[in-house]
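> File run_1.pdb below, PDB, C-alpha atoms:
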ATOM      1  CA  GLY A 740       8.994  -2.795 -36.976
ATOM      2  CA  PHE A 741      10.054  -5.716 -34.765
ATOM      3  CA  ASP A 742      11.404  -7.491 -37.859
ATOM      4  CA  LEU A 743      13.968  -4.734 -38.451
ATOM      5  CA  GLU A 744      17.556  -5.708 -37.704
ATOM      6  CA  ASN A 745      19.004  -4.506 -34.377
ATOM      7  CA  VAL A 746      15.639  -4.335 -32.584
ATOM      8  CA  GLN A 747      16.592  -6.443 -29.582
ATOM      9  CA  MET A 748      14.705  -8.220 -26.800
ATOM     10  CA  VAL A 749      16.428  -8.772 -23.442
ATOM     11  CA  LYS A 750      14.325 -11.425 -21.704
ATOM     12  CA  LEU A 751      16.801 -14.305 -21.930
ATOM     13  CA  TYR A 752      20.526 -14.688 -21.340
ATOM     14  CA  GLN A 753      20.818 -15.527 -25.026
ATOM     15  CA  ASN A 754      19.192 -12.185 -25.912
ATOM     16  CA  ALA A 755      21.776 -10.303 -23.859
ATOM     17  CA  ALA A 756      24.610 -12.364 -25.349
ATOM     18  CA  GLU A 757      23.460 -11.381 -28.833
ATOM     19  CA  VAL A 758      23.518  -7.672 -27.894
ATOM     20  CA  ILE A 759      27.010  -8.020 -26.422
ATOM     21  CA  GLU A 760      28.258  -9.773 -29.541
ATOM     22  CA  LYS A 761      26.843  -7.063 -31.808
ATOM     23  CA  LEU A 762      28.402  -4.277 -29.747
ATOM     24  CA  LYS A 763      31.855  -5.770 -30.323
ATOM     25  CA  HIS A 764      31.536  -4.183 -33.760
ATOM     26  CA  LYS A 765      31.526  -0.737 -32.178
ATOM     27  CA  GLY A 766      31.786   1.234 -35.373
ATOM     28  CA  GLU A 767      28.279   0.152 -36.377
ATOM     29  CA  PHE A 768      26.568   1.460 -33.254
ATOM     30  CA  LYS A 769      26.631   5.013 -31.967
ATOM     31  CA  LYS A 770      23.060   5.638 -30.762
ATOM     32  CA  VAL A 771      20.866   3.314 -28.718
ATOM     33  CA  CYS A 772      17.225   3.751 -27.691
ATOM     34  CA  VAL A 773      16.158   1.795 -24.619
ATOM     35  CA  LEU A 774      12.411   1.276 -24.278
ATOM     36  CA  GLY A 775      11.281   0.861 -20.677
ATOM     37  CA  GLY A 776      12.222   2.656 -17.464
ATOM     38  CA  GLY A 777      12.176  -0.395 -15.205
ATOM     39  CA  TYR A 778      15.195  -2.163 -13.705
ATOM     40  CA  ILE A 779      16.432  -3.749 -16.925
ATOM     41  CA  GLY A 780      16.003  -0.587 -18.998
ATOM     42  CA  VAL A 781      17.749   1.652 -16.450
ATOM     43  CA  GLU A 782      20.634  -0.773 -15.938
ATOM     44  CA  LEU A 783      21.158  -1.218 -19.679
ATOM     45  CA  ALA A 784      21.046   2.544 -20.258
ATOM     46  CA  GLU A 785      23.938   2.934 -17.816
ATOM     47  CA  ALA A 786      25.851   0.043 -19.396
ATOM     48  CA  PHE A 787      25.523   1.470 -22.918
ATOM     49  CA  GLN A 788      26.549   4.958 -21.778
ATOM     50  CA  ARG A 789      29.643   3.519 -20.096
ATOM     51  CA  LEU A 790      30.515   1.941 -23.446
ATOM     52  CA  GLY A 791      30.499   5.399 -25.024
ATOM     53  CA  LEU A 792      27.176   5.158 -26.840
ATOM     54  CA  GLU A 793      24.574   7.934 -27.030
ATOM     55  CA  VAL A 794      21.601   6.655 -25.042
ATOM     56  CA  THR A 795      17.942   7.686 -25.039
ATOM     57  CA  LEU A 796      15.651   6.036 -22.477
ATOM     58  CA  ILE A 797      11.949   6.129 -23.422
ATOM     59  CA  ASP A 798       9.027   5.305 -21.142
ATOM     60  CA  MET A 799       5.274   5.911 -21.220
ATOM     61  CA  VAL A 800       5.119   7.144 -17.610
ATOM     62  CA  ASP A 801       6.715  10.372 -16.427
ATOM     63  CA  ARG A 802       9.142   8.778 -13.929
ATOM     64  CA  ILE A 803      11.717   6.010 -14.152
ATOM     65  CA  LEU A 804      11.240   3.016 -11.840
ATOM     66  CA  ALA A 805       7.723   4.304 -11.132
ATOM     67  CA  GLY A 806       6.515   0.809 -10.234
ATOM     68  CA  TYR A 807       9.055   0.514  -7.415
ATOM     69  CA  PHE A 808      10.026   3.907  -5.995
ATOM     70  CA  ASP A 809       8.391   7.197  -5.075
ATOM     71  CA  ALA A 810       9.654  10.467  -6.574
ATOM     72  CA  PRO A 811      12.286  11.357  -3.879
ATOM     73  CA  PHE A 812      14.204   8.202  -4.811
ATOM     74  CA  SER A 813      13.598   7.902  -8.556
ATOM     75  CA  ASP A 814      14.349  11.618  -9.056
ATOM     76  CA  GLU A 815      17.772  11.213  -7.446
ATOM     77  CA  LEU A 816      18.525   8.379  -9.840
ATOM     78  CA  LYS A 817      17.172  10.356 -12.805
ATOM     79  CA  ASN A 818      19.456  13.290 -11.981
ATOM     80  CA  ARG A 819      22.509  11.040 -11.935
ATOM     81  CA  MET A 820      21.596   9.520 -15.286
ATOM     82  CA  VAL A 821      21.106  12.958 -16.859
ATOM     83  CA  GLU A 822      24.439  14.141 -15.401
ATOM     84  CA  HIS A 823      26.114  11.266 -17.245
ATOM     85  CA  GLY A 824      24.581  12.257 -20.568
ATOM     86  CA  ILE A 825      21.639   9.869 -20.835
ATOM     87  CA  LYS A 826      18.672  11.509 -22.562
ATOM     88  CA  LEU A 827      15.310  10.747 -20.950
ATOM     89  CA  ALA A 828      12.124  10.818 -23.028
ATOM     90  CA  LEU A 829       9.511  10.234 -20.323
ATOM     91  CA  GLY A 830       5.749  10.371 -20.710
ATOM     92  CA  GLU A 831       6.085   9.333 -24.374
ATOM     93  CA  ARG A 832       4.372   6.450 -26.157
ATOM     94  CA  VAL A 833       6.326   4.526 -28.809
ATOM     95  CA  GLU A 834       4.385   4.417 -32.085
ATOM     96  CA  GLU A 835       6.784   3.106 -34.721
ATOM     97  CA  PHE A 836      10.272   1.800 -35.478
ATOM     98  CA  LEU A 837      11.706   3.462 -38.580
ATOM     99  CA  GLY A 838      14.252   2.065 -41.021
ATOM    100  CA  GLU A 839      14.820  -0.080 -44.089
ATOM    101  CA  GLY A 840      16.200  -3.497 -43.225
ATOM    102  CA  LYS A 841      17.942  -2.086 -40.145
ATOM    103  CA  VAL A 842      16.334   0.113 -37.531
ATOM    104  CA  SER A 843      17.284   3.799 -37.838
ATOM    105  CA  ALA A 844      14.948   5.600 -35.417
ATOM    106  CA  VAL A 845      12.099   5.344 -32.932
ATOM    107  CA  ARG A 846       9.034   7.530 -33.360
ATOM    108  CA  THR A 847       6.941   8.378 -30.298
ATOM    109  CA  ASP A 848       3.830  10.523 -29.941
ATOM    110  CA  LYS A 849       6.147  13.444 -29.114
ATOM    111  CA  GLY A 850       9.280  13.055 -31.230
ATOM    112  CA  VAL A 851      11.675  10.991 -33.349
ATOM    113  CA  TYR A 852      14.910   9.576 -31.880
ATOM    114  CA  ASP A 853      17.753   8.263 -34.051
ATOM    115  CA  ALA A 854      18.887   4.755 -33.129
ATOM    116  CA  ASP A 855      21.328   2.201 -34.516
ATOM    117  CA  MET A 856      19.944  -0.276 -31.973
ATOM    118  CA  VAL A 857      16.675  -0.459 -30.028
ATOM    119  CA  ILE A 858      16.395  -2.403 -26.776
ATOM    120  CA  CYS A 859      12.891  -3.508 -25.784
ATOM    121  CA  ALA A 860      12.673  -3.741 -21.987
ATOM    122  CA  VAL A 861       9.012  -2.991 -21.391
ATOM    123  CA  GLY A 862       8.068  -6.160 -19.528
ATOM    124  CA  PHE A 863       6.758  -9.494 -20.760
ATOM    125  CA  LYS A 864       3.555 -11.476 -20.627
ATOM    126  CA  PRO A 865       3.748 -14.808 -18.768
ATOM    127  CA  ASN A 866       4.265 -17.835 -20.979
ATOM    128  CA  ALA A 867       1.092 -19.807 -20.332
ATOM    129  CA  SER A 868       0.619 -21.259 -23.816
ATOM    130  CA  LEU A 869       1.083 -24.939 -22.996
ATOM    131  CA  GLY A 870      -2.308 -25.994 -24.353
ATOM    132  CA  LEU A 871      -3.671 -26.575 -20.819
ATOM    133  CA  GLU A 872      -6.832 -24.524 -21.313
ATOM    134  CA  HIS A 873      -8.561 -26.070 -18.289
ATOM    135  CA  LEU A 874      -6.194 -24.337 -15.834
ATOM    136  CA  LYS A 875      -7.359 -21.169 -14.072
ATOM    137  CA  LEU A 876      -5.384 -18.026 -14.878
ATOM    138  CA  TYR A 877      -4.496 -14.871 -12.959
ATOM    139  CA  GLN A 878      -5.778 -11.597 -14.480
ATOM    140  CA  ASN A 879      -2.605 -11.100 -16.553
ATOM    141  CA  GLY A 880      -2.672 -14.640 -17.974
ATOM    142  CA  ALA A 881      -0.264 -16.358 -15.544
ATOM    143  CA  TYR A 882      -1.249 -19.720 -14.090
ATOM    144  CA  LEU A 883      -3.079 -19.233 -10.794
ATOM    145  CA  VAL A 884      -1.369 -21.343  -8.112
ATOM    146  CA  ASN A 885      -1.791 -22.073  -4.410
ATOM    147  CA  ARG A 886       0.886 -21.914  -1.716
ATOM    148  CA  LYS A 887       2.200 -25.327  -2.867
ATOM    149  CA  GLN A 888       2.562 -24.049  -6.471
ATOM    150  CA  GLN A 889      -0.328 -26.252  -7.619
ATOM    151  CA  THR A 890      -2.553 -24.940 -10.378
ATOM    152  CA  SER A 891      -6.334 -25.478 -10.375
ATOM    153  CA  ASP A 892      -5.461 -29.020 -11.516
ATOM    154  CA  PRO A 893      -3.620 -30.501  -8.466
ATOM    155  CA  SER A 894      -1.533 -32.720 -10.749
ATOM    156  CA  VAL A 895      -0.083 -29.681 -12.544
ATOM    157  CA  TYR A 896       2.415 -27.330 -10.872
ATOM    158  CA  ALA A 897       3.557 -23.947 -12.193
ATOM    159  CA  ILE A 898       6.683 -22.045 -11.135
ATOM    160  CA  GLY A 899       8.644 -18.953 -12.069
ATOM    161  CA  ASP A 900       7.453 -16.186 -14.377
ATOM    162  CA  CYS A 901       4.434 -18.154 -15.657
ATOM    163  CA  ALA A 902       2.847 -18.437 -12.175
ATOM    164  CA  SER A 903       1.048 -16.131  -9.769
ATOM    165  CA  LEU A 904       2.158 -15.718  -6.136
ATOM    166  CA  TYR A 905       0.759 -14.432  -2.869
ATOM    167  CA  ASP A 906       1.727 -10.834  -2.106
ATOM    168  CA  ASN A 907       1.867 -10.198   1.657
ATOM    169  CA  ALA A 908       2.021  -6.412   1.262
ATOM    170  CA  ARG A 909      -1.147  -6.299  -0.827
ATOM    171  CA  GLY A 910      -2.872  -9.216   0.906
ATOM    172  CA  ARG A 911      -3.823 -10.858  -2.399
ATOM    173  CA  GLU A 912      -2.591 -12.861  -5.345
ATOM    174  CA  ASN A 913      -0.212 -10.955  -7.594
ATOM    175  CA  TYR A 914       2.383 -11.346 -10.344
ATOM    176  CA  ILE A 915       5.970 -10.281  -9.559
ATOM    177  CA  ALA A 916       8.541 -11.599 -12.033
ATOM    178  CA  LEU A 917      11.778 -11.722 -10.026
ATOM    179  CA  ALA A 918      14.525 -14.351 -10.004
ATOM    180  CA  THR A 919      14.210 -14.668  -6.210
ATOM    181  CA  ASN A 920      10.530 -15.556  -6.473
ATOM    182  CA  ALA A 921      11.194 -17.973  -9.313
ATOM    183  CA  VAL A 922      13.873 -19.887  -7.374
ATOM    184  CA  ARG A 923      11.722 -20.179  -4.244
ATOM    185  CA  SER A 924       8.700 -21.318  -6.254
ATOM    186  CA  GLY A 925      10.831 -24.092  -7.749
ATOM    187  CA  VAL A 926      12.010 -25.196  -4.302
ATOM    188  CA  VAL A 927       8.422 -25.291  -2.995
ATOM    189  CA  ALA A 928       7.062 -27.169  -6.026
ATOM    190  CA  GLY A 929       9.941 -29.668  -6.013
ATOM    191  CA  HIS A 930       9.394 -30.596  -2.364
ATOM    192  CA  ASN A 931       5.637 -31.017  -2.798
ATOM    193  CA  ILE A 932       6.025 -33.109  -5.941
ATOM    194  CA  CYS A 933       8.485 -35.361  -4.070
ATOM    195  CA  GLY A 934       6.078 -35.825  -1.156
ATOM    196  CA  THR A 935       7.368 -33.274   1.378
ATOM    197  CA  PRO A 936       4.576 -30.781   2.137
ATOM    198  CA  VAL A 937       5.934 -27.215   1.968
ATOM    199  CA  GLU A 938       3.970 -23.993   1.572
ATOM    200  CA  SER A 939       5.155 -20.610   0.335
ATOM    201  CA  LEU A 940       5.263 -17.844   2.937
ATOM    202  CA  GLY A 941       4.238 -15.268   0.359
ATOM    203  CA  VAL A 942       6.458 -12.504  -0.983
ATOM    204  CA  GLN A 943       7.071  -8.777  -0.647
ATOM    205  CA  GLY A 944       8.684  -8.117  -4.024
ATOM    206  CA  SER A 945      12.052  -7.086  -2.562
ATOM    207  CA  SER A 946      14.585  -5.696  -5.038
ATOM    208  CA  ALA A 947      17.595  -3.406  -5.367
ATOM    209  CA  LEU A 948      19.872  -1.759  -7.911
ATOM    210  CA  GLY A 949      22.833   0.575  -8.139
ATOM    211  CA  ILE A 950      23.323   3.168 -10.890
ATOM    212  CA  TYR A 951      26.342   5.496 -11.056
ATOM    213  CA  GLY A 952      27.159   4.828  -7.405
ATOM    214  CA  TYR A 953      23.647   5.511  -6.092
ATOM    215  CA  LYS A 954      22.149   2.430  -4.463
ATOM    216  CA  LEU A 955      18.426   1.869  -4.117
ATOM    217  CA  ALA A 956      16.417  -0.910  -2.481
ATOM    218  CA  CYS A 957      12.731  -1.463  -1.857
ATOM    219  CA  THR A 958      10.250  -3.982  -0.554
ATOM    220  CA  GLY A 959       6.484  -4.117  -0.448
ATOM    221  CA  LEU A 960       4.531  -1.079  -1.596
ATOM    222  CA  SER A 961       5.673   2.430  -2.416
ATOM    223  CA  LEU A 962       3.284   5.194  -1.385
ATOM    224  CA  ALA A 963       2.114   5.545  -4.983
ATOM    225  CA  ALA A 964       1.577   1.785  -5.350
ATOM    226  CA  ALA A 965      -0.368   1.573  -2.078
ATOM    227  CA  GLU A 966      -2.627   4.417  -3.178
ATOM    228  CA  ARG A 967      -3.171   2.716  -6.553
ATOM    229  CA  GLU A 968      -4.163  -0.376  -4.580
ATOM    230  CA  GLY A 969      -6.798   1.684  -2.774
ATOM    231  CA  MET A 970      -5.147   1.224   0.617
ATOM    232  CA  GLU A 971      -5.418   3.841   3.363
ATOM    233  CA  VAL A 972      -1.735   4.440   4.098
ATOM    234  CA  SER A 973       0.666   7.022   5.426
ATOM    235  CA  TYR A 974       4.459   7.182   5.446
ATOM    236  CA  GLU A 975       7.443   8.195   7.528
ATOM    237  CA  ASP A 976      10.526   9.741   5.896
ATOM    238  CA  TYR A 977      13.860   9.871   7.682
ATOM    239  CA  GLU A 978      17.404  10.737   6.593
ATOM    240  CA  ASP A 979      20.594  10.444   8.614
ATOM    241  CA  THR A 980      24.292   9.719   8.208
ATOM    242  CA  GLN A 981      25.448   6.136   8.225
ATOM    243  CA  PHE A 982      28.109   6.570  10.936
ATOM    244  CA  PRO A 983      28.307   8.535  14.211
ATOM    245  CA  ALA A 984      29.516  12.128  13.846
ATOM    246  CA  PHE A 985      32.734  11.394  15.792
ATOM    247  CA  MET A 986      33.938   8.891  13.173
ATOM    248  CA  GLU A 987      36.594  10.500  10.960
ATOM    249  CA  VAL A 988      35.416   8.838   7.774
ATOM    250  CA  GLU A 989      33.385   9.790   4.744
ATOM    251  CA  ASN A 990      29.873   9.768   6.159
ATOM    252  CA  PRO A 991      27.162   9.502   3.500
ATOM    253  CA  LYS A 992      23.492  10.064   4.213
ATOM    254  CA  VAL A 993      20.883   7.328   3.903
ATOM    255  CA  LYS A 994      17.320   8.234   2.958
ATOM    256  CA  LEU A 995      14.479   6.025   4.192
ATOM    257  CA  ARG A 996      10.718   5.950   3.548
ATOM    258  CA  ILE A 997       8.450   3.554   5.446
ATOM    259  CA  VAL A 998       4.865   3.086   4.234
ATOM    260  CA  TYR A 999       2.279   1.776   6.709
ATOM    261  CA  LYS A1000      -1.460   1.200   6.943
ATOM    262  CA  LYS A1001      -3.351   3.909   8.828
ATOM    263  CA  GLU A1002      -5.759   1.398  10.355
ATOM    264  CA  ASP A1003      -3.413  -0.932  12.238
ATOM    265  CA  LYS A1004      -0.029   0.798  11.645
ATOM    266  CA  LYS A1005       1.381  -2.354  10.020
ATOM    267  CA  ILE A1006       4.352  -1.727   7.720
ATOM    268  CA  VAL A1007       3.559  -2.497   4.074
ATOM    269  CA  GLY A1008       6.571  -0.992   2.300
ATOM    270  CA  CYS A1009      10.028   0.506   2.578
ATOM    271  CA  GLN A1010      12.406   2.318   0.213
ATOM    272  CA  LEU A1011      15.957   3.438   0.826
ATOM    273  CA  GLY A1012      18.608   5.236  -1.167
ATOM    274  CA  SER A1013      22.223   6.221  -0.565
ATOM    275  CA  SER A1014      25.681   6.374  -2.067
ATOM    276  CA  TYR A1015      26.505   4.011   0.837
ATOM    277  CA  ASP A1016      25.498   0.377   0.371
ATOM    278  CA  ALA A1017      22.738   0.076   2.966
ATOM    279  CA  THR A1018      20.661  -2.199   0.732
ATOM    280  CA  ALA A1019      20.791  -5.208   3.093
ATOM    281  CA  ILE A1020      18.481  -3.339   5.493
ATOM    282  CA  ILE A1021      15.668  -4.087   3.054
ATOM    283  CA  HIS A1022      15.853  -7.734   4.183
ATOM    284  CA  PHE A1023      14.734  -6.606   7.636
ATOM    285  CA  PHE A1024      11.787  -4.652   6.248
ATOM    286  CA  SER A1025      10.786  -7.526   3.973
ATOM    287  CA  LEU A1026      10.514  -9.790   7.013
ATOM    288  CA  ALA A1027       8.764  -6.976   8.923
ATOM    289  CA  ILE A1028       6.010  -6.910   6.284
ATOM    290  CA  GLN A1029       5.762 -10.709   6.222
ATOM    291  CA  LYS A1030       5.409 -10.840  10.024
ATOM    292  CA  GLY A1031       3.098  -7.843  10.391
ATOM    293  CA  LEU A1032       5.470  -5.537  12.305
ATOM    294  CA  THR A1033       3.878  -2.219  13.277
ATOM    295  CA  MET A1034       5.337   1.271  13.392
ATOM    296  CA  ALA A1035       4.810   1.260  17.165
ATOM    297  CA  GLU A1036       7.174  -1.705  17.522
ATOM    298  CA  LEU A1037       9.906  -0.223  15.339
ATOM    299  CA  PRO A1038      11.560   2.199  17.867
ATOM    300  CA  LEU A1039      12.619  -0.606  20.243
ATOM    301  CA  VAL A1040      13.668  -3.240  17.707
ATOM    302  CA  ASP A1041      17.039  -4.717  18.730
ATOM    303  CA  LEU A1042      19.635  -3.697  16.140
ATOM    304  CA  PHE A1043      23.380  -4.028  16.674
ATOM    305  CA  PHE A1044      25.710  -1.029  16.970
ATOM    306  CA  MET A1045      29.358  -0.708  16.071
ATOM    307  CA  PRO A1046      30.695   2.773  15.146
ATOM    308  CA  HIS A1047      32.637   1.373  12.182
ATOM    309  CA  PHE A1048      29.295   0.222  10.737
ATOM    310  CA  ASN A1049      26.402   2.345  12.025
ATOM    311  CA  GLN A1050      24.947   4.563  14.742
ATOM    312  CA  PRO A1051      23.679   3.317  18.133
ATOM    313  CA  TYR A1052      20.207   4.577  17.318
ATOM    314  CA  ASN A1053      20.215   4.548  13.545
ATOM    315  CA  TYR A1054      17.812   5.695  10.829
ATOM    316  CA  VAL A1055      15.717   2.521  11.122
ATOM    317  CA  THR A1056      14.842   2.912  14.785
ATOM    318  CA  ARG A1057      14.980   6.727  14.628
ATOM    319  CA  ALA A1058      12.336   6.682  11.898
ATOM    320  CA  GLY A1059      10.132   4.667  14.226
ATOM    321  CA  LEU A1060      10.896   6.979  17.147
ATOM    322  CA  ASN A1061      10.071  10.070  15.081
ATOM    323  CA  TRP A1062       6.760   8.513  14.099
ATOM    324  CA  LEU A1063       5.966   7.601  17.715
ATOM    325  CA  ASN A1064       6.812  11.078  18.989
ATOM    326  CA  LYS A1065       4.410  12.597  16.464
ATOM    327  CA  GLU A1066       1.709  10.101  17.460
ATOM    328  CA  LEU A1067       2.163  11.109  21.106
ATOM    329  CA  GLY A1068       2.317  14.804  20.267
ATOM    330  CA  LEU A1069       5.936  15.100  21.373
ATOM    331  CA  LYS A1070       8.817  16.928  19.690
ATOM    332  CA  ASP A1071      11.695  14.996  18.109
TER     333      ASP A1071
END
As structure tokens, please, write out the structure in this file.


Amino acid sequence: GFDLENVQMVKLYQNAAEVIEKLKHKGEFKKVCVLGGGYIGVELAEAFQRLGLEVTLIDMVDRILAGYFDAPFSDELKNRMVEHGIKLALGERVEEFLGEGKVSAVRTDKGVYDADMVICAVGFKPNASLGLEHLKLYQNGAYLVNRKQQTSDPSVYAIGDCASLYDNARGRENYIALATNAVRSGVVAGHNICGTPVESLGVQGSSALGIYGYKLACTGLSLAAAEREGMEVSYEDYEDTQFPAFMEVENPKVKLRIVYKKEDKKIVGCQLGSSYDATAIIHFFSLAIQKGLTMAELPLVDLFFMPHFNQPYNYVTRAGLNWLNKELGLKD
């Protein structure tokens, strides 16, 4: 079915440009099926809906963005997408593309969905087909590299989406295909190749997106991801308004979840969601994971206050304080 016309990949800029060019002929396209409920699939579903197309988003798992966010955050996003008319077909496995010459529908194990265009956004395997069979590979087929981006052959470096990386949240090698990681890996490799020793600090997999005005950001492990990893973790949820109550402004709430290891209380993940753009706070939690910050340290972290921007004791430190109070058996 991949040879049918209008079955589109969206890995490269050129792929996206082709989709954009086709959609200029709007009369030909009324219904689009997007396969994959990750960042690219969700963002494209919104984009197509805004263009006036009927959109169905299909994914094998029963939640969108399940690899990044726990249910309290992904459900909020799902509700907004449904409110804007996007049809979600979750927990369904794609079995066949239907059509003669051009694609006309997608058949899953639970239904058939009409489609003038199908967007495949289900993730990609790393491109490690360079004929260098002697190089060691990560479990998914990416080149296994050290902190200098060297493969098992020190004369060969690998960067970007074809290379592994060290995941500080998980404490092991991993594969996280993000532009941020790719750029840093190139910087590290370039310096080492040119004779300046530089080592990667590892990564947390920080990312963010905004759909229909709802802004989400995450770093490290969600609760579900930590449990899949077999880690003994707990979490602290906190929600508060962005500004002090005395400020006469629209005052949206910000929802926060911090995931930490039960053993040493070190933070291993954070998620936040709001109609307010609080996404930059994820930078702080990314560094917190990298540096091994504990929940016990969080209540007294020095954060600035200015009533036009935030509260004097805001949801970051208040989350830590709430956790500490419970540890000490005190009330909030």

> Name every residue that the PyMOL selection byres ((chain A and resi 885) around 9) selects in this structure, writing the answer as number ranges by chain with chains first and numbers rising.

A: 883-884, 886-891, 903-905, 938-939

> Which residues fall under the PyMOL selection byres ((chain A and resi 1041-1050) around 12) in this file, as an mmCIF file with C-alpha atoms, keeping the file's coordinate frame?


data_model
loop_
_atom_site.group_PDB
_atom_site.id
_atom_site.type_symbol
_atom_site.label_atom_id
_atom_site.label_comp_id
_atom_site.auth_asym_id
_atom_site.auth_seq_id
_atom_site.Cartn_x
_atom_site.Cartn_y
_atom_site.Cartn_z
ATOM 1 C CA ASP A 979 20.594 10.444 8.614
ATOM 2 C CA THR A 980 24.292 9.719 8.208
ATOM 3 C CA GLN A 981 25.448 6.136 8.225
ATOM 4 C CA PHE A 982 28.109 6.570 10.936
ATOM 5 C CA PRO A 983 28.307 8.535 14.211
ATOM 6 C CA ALA A 984 29.516 12.128 13.846
ATOM 7 C CA PHE A 985 32.734 11.394 15.792
ATOM 8 C CA MET A 986 33.938 8.891 13.173
ATOM 9 C CA GLU A 987 36.594 10.500 10.960
ATOM 10 C CA VAL A 988 35.416 8.838 7.774
ATOM 11 C CA GLU A 989 33.385 9.790 4.744
ATOM 12 C CA ASN A 990 29.873 9.768 6.159
ATOM 13 C CA PRO A 991 27.162 9.502 3.500
ATOM 14 C CA LYS A 992 23.492 10.064 4.213
ATOM 15 C CA VAL A 993 20.883 7.328 3.903
ATOM 16 C CA TYR A 1015 26.505 4.011 0.837
ATOM 17 C CA ASP A 1016 25.498 0.377 0.371
ATOM 18 C CA ALA A 1017 22.738 0.076 2.966
ATOM 19 C CA ILE A 1020 18.481 -3.339 5.493
ATOM 20 C CA PHE A 1023 14.734 -6.606 7.636
ATOM 21 C CA GLU A 1036 7.174 -1.705 17.522
ATOM 22 C CA LEU A 1037 9.906 -0.223 15.339
ATOM 23 C CA PRO A 1038 11.560 2.199 17.867
ATOM 24 C CA LEU A 1039 12.619 -0.606 20.243
ATOM 25 C CA VAL A 1040 13.668 -3.240 17.707
ATOM 26 C CA PRO A 1051 23.679 3.317 18.133
ATOM 27 C CA TYR A 1052 20.207 4.577 17.318
ATOM 28 C CA ASN A 1053 20.215 4.548 13.545
ATOM 29 C CA TYR A 1054 17.812 5.695 10.829
ATOM 30 C CA VAL A 1055 15.717 2.521 11.122
ATOM 31 C CA THR A 1056 14.842 2.912 14.785
ATOM 32 C CA ARG A 1057 14.980 6.727 14.628
#

> Output the residue selection produced by the PyMOL selection byres ((chain A and resi 924) around 8) on the file above, formatted as a list of chain:residue names.

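Given this file, the PyMOL selection byres ((chain A and resi 924) around 8) evaluates to A:Gln888, A:Ile898, A:Gly899, A:Asn920, A:Ala921, A:Val922, A:Arg923, A:Gly925, A:Val926, A:Val927, A:Ala928, A:Ser939.
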
> Filtering to C-alpha atoms, could you give me those residues as a compact mmCIF listing (two decimals), in the coordinates of the input?


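out20.txt, freshly written:
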# COMPACT_ATOMS: atom_id res chain seq x y z
CA GLN A 888 2.56 -24.05 -6.47
CA ILE A 898 6.68 -22.04 -11.14
CA GLY A 899 8.64 -18.95 -12.07
CA ASN A 920 10.53 -15.56 -6.47
CA ALA A 921 11.19 -17.97 -9.31
CA VAL A 922 13.87 -19.89 -7.37
CA ARG A 923 11.72 -20.18 -4.24
CA GLY A 925 10.83 -24.09 -7.75
CA VAL A 926 12.01 -25.20 -4.30
CA VAL A 927 8.42 -25.29 -3.00
CA ALA A 928 7.06 -27.17 -6.03
CA SER A 939 5.16 -20.61 0.34

> Could you give me the axis-aligned bounding box of region 911-921 of chain A, with 4 Å of padding per side, as centre plus edge lengths in Å to one decimal, as AutoDock Vina command-line options?


--center_x 5.4 --center_y -14.1 --center_z -7.2 --size_x 26.3 --size_y 15.7 --size_z 17.6

> Please work out which residues fall within 8 Å of (8.4, -3.3, -1.4), coordinates as given in the file, with only C-alpha atoms counting, and return them as a ChimeraX atom specification.

/A:807,908,943-946,957-961,1007-1010,1025

> If you keep C-alpha atoms, can you produce a file of those selected residues as a short mmCIF file (atom, residue, chain, number, x, y, z; two decimals), keeping the file's coordinate frame?


data_model
loop_
_atom_site.label_atom_id
_atom_site.label_comp_id
_atom_site.auth_asym_id
_atom_site.auth_seq_id
_atom_site.Cartn_x
_atom_site.Cartn_y
_atom_site.Cartn_z
CA TYR A 807 9.06 0.51 -7.42
CA ALA A 908 2.02 -6.41 1.26
CA GLN A 943 7.07 -8.78 -0.65
CA GLY A 944 8.68 -8.12 -4.02
CA SER A 945 12.05 -7.09 -2.56
CA SER A 946 14.58 -5.70 -5.04
CA CYS A 957 12.73 -1.46 -1.86
CA THR A 958 10.25 -3.98 -0.55
CA GLY A 959 6.48 -4.12 -0.45
CA LEU A 960 4.53 -1.08 -1.60
CA SER A 961 5.67 2.43 -2.42
CA VAL A 1007 3.56 -2.50 4.07
CA GLY A 1008 6.57 -0.99 2.30
CA CYS A 1009 10.03 0.51 2.58
CA GLN A 1010 12.41 2.32 0.21
CA SER A 1025 10.79 -7.53 3.97
#

> Identify the residues around (18.9, -0.5, -15.9) within a radius of 10 Å, measuring from only C-alpha atoms in the coordinates stated by the file, and give them as a list in words.

Val773, Gly775, Gly776, Gly777, Tyr778, Ile779, Gly780, Val781, Glu782, Leu783, Ala784, Glu785, Ala786, Phe787, Leu796, Ile803, Leu804, Ala860, Leu948, Gly949 and Ile950 of chain A

> Set the distance at 9 Å and use all atoms listed in the file: which residues neighbour Leu774 (chain A) once local chain neighbours fewer than 3 positions away are removed? I'd like the list as a list in words.

Gly780, Thr795, Leu796, Ile797, Asp798, Val833, Val857, Ile858, Cys859, Ala860 and Val861 of chain A

> Residues at most 7 Å from Tyr953 (chain A), counting only C-alpha atoms, excluding those fewer than 5 positions away in the same chain, as a ChimeraX atom specification?

/A:816,1013-1014

> Counting all atoms listed in the file, which residue out of A:Met1034, A:Val771, A:Ala881, A:Ala963 sits closest to Asp855 (chain A)?

A:Val771
